[in-house]
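A short worksheet on the structure shown next.
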Amino acid sequence: NSEHVARRGALIVLEGLDRCGKTTQCGRLVSFLEGRGLPVEAWRFPDRNTAIGKMISSYLMNNTQLDDQTIHLLFSANRWEKRLLMENKLRNGTTLVVDRYSYSGVSFSASKGLDVNWCKAPEKGLIAPDLVIYMDISPEEAAKRGSYGIERYEQLDFQKKVAHSYQILRDATWKVIDASLSLELIENLIQELALETIESCPKMPLSSLWI
Ligand code: Z5A
């Protein structure tokens with residue numbers, strides 16, 4: 001029926017500090033939704049597979065140096081180059097579970113001292129998520145989950161600044177989950193939020209971020 005044809009997928013974003021458990025929970029949520037027979041895909045930003053993504057990856061691994069504004073715009077461009085595909089997938093009914101999005105872009109760059117509004121500007125017009133889940137963990141606790149690797153940003157002092165920047169960005173629509181709970185508890189909370197969102201979002205048109 002026409003209601004069925006109009007059904008669109010949900011854009012679900014997981015955000016949080018390094019080691020908060022986003023990647024683990026994105027994987028678990030995708031498996032759960034697949035098990036229910038729902039069309040779903042796992043996405044992540046940065047998408048290191050594109051030409052821009054390779055430049056970002058090289059920067060994160062400290063193989064290349066870029067000034068803060070340049071890398072910020074590359075992260076944003078990496079989302080813009082996936083925007084049309086994202087829209088098509090959502091319109092065709094596929095739910096996307098996305099590990100990091102524009103909020104990471106703004107939080108990480110603002111933590112280096114860039115102006116928040118300047119950081120938000122290139123993100124305006126990307127697709128607004130239907131659900132943002134913030135996995136809340138203190139930088140100290142996250143650091144205990146295994147030593148930080150060699151990538152840029154994987155340092156306690158910087159993660160503290162990122163935690164503060166996320167607080168500035170956070171709005172009332174975000175769902176905040178205590179990321180220090182057990183994997184299973186968090187998984188259940190996220191499943192509930194995701195199902196509610198998938199159920200309600202077909203009635204809502206896609207909207208643009210920060211416009
Ligand atoms: N960045 C940016 O600057 N601008 C942007 O626009 C974007 C990103 C999009 C690369 O990201 C960097 O790019 C990132 C932000 C910046 N830098 N930092 N920091 P990435 O996605 O490639 O890397 P990451 O997000 O930091 O991923 P991660 O290390 O994989 O962390 P995670 O996904 O949040 O956590 P995890 O891999 O699921 O879990 C970490 C460990 O904790 C693992 O051993 C788990 O088994 C354990 N874990 C998970 N959950 C639990 C619970 N509940 N209890 C106990 N232990 C747990």
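For the structure tokens, the naming scheme is as follows: chains receive sequential letters (A, B, ...) according to their order of presentation, residues are indexed from 1 within each chain, and ligands are indexed from 1 in presentation order.
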Fill in: Site check for ligand 1: residues at most 6 Å away, only C-alpha atoms and all ligand atoms, as a list in words
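The neighbouring residues of ligand 1 are, in order, Asp18, Arg19, Cys20, Gly21, Lys22, Thr23, Thr24, Phe45, Pro46, Phe75, Arg100, Tyr101, Ser102, Ser104, Gly105, Phe108, Arg145, Tyr153, Glu154, Ala179, Ser180, Leu181, Ser182 and Leu183 of chain A.
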Worksheet item: Could you name the residues that touch Val98 of chain A at 7 Å or less, counting only C-alpha atoms, but leaving out those on the same chain fewer than 6 positions away, as number ranges by chain?
Response: A: 12-14, 42-44
Worksheet entry | Who sits within 12 Å of Ser107 of chain A, only C-alpha atoms, same chain under 3 positions skipped, as an NGL selection string | :A and (15-17 or 72 or 100-104 or 110-120 or 153 or 158-170)
Fill in: Distance query segment 63-68 of chain A at most 9 Å, only C-alpha atoms, self and fewer than 5 positions along chain excluded, as a ChimeraX atom specification
/A:55-58,73,109,112,114
Worksheet item: If you run DSSP on the backbone, which residues of segment 13-169 of chain A are strand (DSSP E), as a PyMOL selection string?
Response: chain A and resi 13-16+40-44+95-99+131-136
Take the residues from that selection and write them out as a short mmCIF file (atom, residue, chain, number, x, y, z; two decimals), in the first residue's frame, keeping C-alpha atoms.
data_model
loop_
_atom_site.label_atom_id
_atom_site.label_comp_id
_atom_site.auth_asym_id
_atom_site.auth_seq_id
_atom_site.Cartn_x
_atom_site.Cartn_y
_atom_site.Cartn_z
CA VAL A 13 24.00 8.41 14.86
CA LEU A 14 26.19 7.27 17.74
CA GLU A 15 28.57 9.81 19.21
CA GLY A 16 31.01 9.95 22.09
CA VAL A 40 19.93 -1.60 7.65
CA GLU A 41 23.55 -0.66 6.96
CA ALA A 42 26.49 0.24 9.18
CA TRP A 43 28.22 3.50 8.22
CA ARG A 44 31.07 5.38 9.83
CA THR A 95 18.10 2.53 8.09
CA LEU A 96 21.66 3.77 8.54
CA VAL A 97 23.51 3.27 11.81
CA VAL A 98 26.35 5.78 11.72
CA ASP A 99 29.45 5.75 13.91
CA LEU A 131 18.25 9.96 16.52
CA VAL A 132 21.53 11.00 18.14
CA ILE A 133 22.76 8.71 20.90
CA TYR A 134 25.54 10.16 23.03
CA MET A 135 27.50 7.47 24.83
CA ASP A 136 28.54 9.25 27.98
#
Worksheet item: Among chain A, which residues carry a DSSP assignment of helix (DSSP H, G or I), reported as a PyMOL selection string?
Response: chain A and resi 2-5+22-35+51-60+68-80+83-91+102-110+116-123+139-143+156-169+183-203
Test item: residues at most 6 Å from segment 121-129 of chain A, only C-alpha atoms, excluding those fewer than 3 positions along its chain, as an mmCIF file with N, CA and C atoms, in the first residue's frame:
data_model
loop_
_atom_site.group_PDB
_atom_site.id
_atom_site.type_symbol
_atom_site.label_atom_id
_atom_site.label_comp_id
_atom_site.auth_asym_id
_atom_site.auth_seq_id
_atom_site.Cartn_x
_atom_site.Cartn_y
_atom_site.Cartn_z
ATOM 1 N N LEU A 11 17.909 7.670 10.173
ATOM 2 C CA LEU A 11 19.330 8.013 10.302
ATOM 3 C C LEU A 11 19.661 8.055 11.799
ATOM 4 N N ILE A 12 20.402 7.050 12.216
ATOM 5 C CA ILE A 12 20.723 6.889 13.634
ATOM 6 C C ILE A 12 22.226 7.103 13.815
ATOM 7 N N TRP A 118 32.002 28.712 13.225
ATOM 8 C CA TRP A 118 32.792 28.484 12.013
ATOM 9 C C TRP A 118 32.806 26.980 11.705
ATOM 10 N N SER A 207 15.144 16.082 7.018
ATOM 11 C CA SER A 207 15.412 17.508 7.226
ATOM 12 C C SER A 207 16.911 17.772 7.216
ATOM 13 N N SER A 208 17.235 19.059 7.173
ATOM 14 C CA SER A 208 18.638 19.451 7.046
ATOM 15 C C SER A 208 19.210 19.843 8.393
ATOM 16 N N LEU A 209 20.458 19.531 8.565
ATOM 17 C CA LEU A 209 21.136 19.812 9.828
ATOM 18 C C LEU A 209 21.454 21.306 9.958
ATOM 19 N N TRP A 210 21.157 21.846 11.123
ATOM 20 C CA TRP A 210 21.558 23.207 11.516
ATOM 21 C C TRP A 210 21.126 24.292 10.526
#
Discussion item. I'd like to know which of A:Arg28, A:Pro39, A:Glu34, A:Glu151 is closest to Gly93 of chain A, using only C-alpha atoms.
Written reply: A:Pro39
